[in-house]
Amino acid sequence: MTGHSHSAAIASPPASYARERLLTAASDLFSQRGIKSVGIDSIIARSGVARQTLYRHFTSKQELVLAFLERRDETWTKGMVQAGFERRANLPADRLLAIFDVFDEWFRRPDFEGCSFINVLLEHPDPSDPIHRACVSYLSGIRAMVEDLARQAGIADAEGFARQWHILMKGSIVSAQEGDREAARRAKRVGRLLLDEQRPAPGK
């Protein structure tokens, strides 16, 4: 019995290792080239994992894309944006503005590739497509994060504010993709005006 569980323990890491290699390869390629232009063969070549192993972990390319988007939510939304503004500021209003400081740093990186949720959403415009729905859901999660900060900052219409702020965020990302590396700083200036307009006056 001990021998059996020991062999099972040895057998499981390679499986998760293969899945990790596939997901990392797919994430790199999807981020750089988009979804439609990346075929399964490219992912297999990049990962060094056999085709049959790929289909053991992901039954279809769609499943692999959905796993990529889920990972992106973890690494980008939570790991970069949320962790970034929490590290930079303590007050909710300052954290909202700090989102653009995180973006400014991101836009200037040589590996800046834009927002995968926006990019993939535009590639999959059909609202009934599970990939489209996943992108909408992750973008909605980002907006909910902003709405929560807005509510903490005392903004009355936190949802409406979050929608405006999210437009600023998405607009700055697209502008940076156009080549405007100052886009985050410009968006932050507009954001400050929006905050001043909607925040309750001191003492109220």
# chains A, B, ... in the order shown; residues from 1 in each chain; ligands from 1
>>> residues_around(residues="region 94-98 of chain A", least_positions_apart="5", cutoff="8 Å", atoms="only C-alpha atoms", output="PyMOL selection string")
chain A and resi 84-86+88-89+146+149-150+188+191-192
>>> write_last_selection(atoms="C-alpha atoms", output="compact mmCIF listing (two decimals), in the first residue's frame")
# COMPACT_ATOMS: atom_id res chain seq x y z
CA GLY A 84 0.23 46.95 -7.55
CA PHE A 85 -2.26 49.54 -6.37
CA GLU A 86 -2.45 47.97 -2.90
CA ARG A 88 1.39 51.86 -3.77
CA ALA A 89 -1.45 53.38 -1.75
CA VAL A 146 -13.03 49.57 -9.15
CA LEU A 149 -12.82 51.16 -4.25
CA ALA A 150 -15.26 53.88 -5.35
CA LYS A 188 -4.56 59.63 -14.48
CA GLY A 191 -9.18 60.41 -13.48
CA ARG A 192 -8.20 63.02 -10.91
>>> residues_around(residues="Lys36 (chain A)", least_positions_apart="4", cutoff="10 Å", atoms="only C-alpha atoms", output="count of residues only")
4
>>> atom_distance(atom1="CA of Phe100 (chain A)", atom2="CA of Arg185 (chain A)")
6.7 Å
>>> atom_distance(atom1="CA of Ala158 (chain A)", atom2="CA of Ser140 (chain A)")
14.0 Å
>>> residues_around(residues="Arg143 (chain A)", least_positions_apart="2", cutoff="9 Å", atoms="only C-alpha atoms", output="JSON, numbers by chain")
{"A": [138, 139, 140, 141, 145, 146, 147, 148, 159, 162, 163, 165, 166]}
>>> closest_residue(among="A:Ser47, A:Ser16, A:Ser175, A:Gln62", to="Leu29 (chain A)", atoms="only C-alpha atoms")
A:Ser47
>>> residues_around(residues="Gly179 (chain A)", least_positions_apart="5", cutoff="12 Å", atoms="only C-alpha atoms", output="ChimeraX atom specification")
/A:107-108,110,112-114,172-174,184
>>> atom_distance(atom1="CA of Tyr55 (chain A)", atom2="CA of Ser137 (chain A)")
25.9 Å
>>> residues_around(residues="His57 (chain A)", least_positions_apart="4", cutoff="10 Å", atoms="only C-alpha atoms", output="list in words")
Ala15, Ser16, Ala18, Arg19, Glu20, Leu22, Leu23, Gln52, Thr53, Glu63 and Leu64 of chain A
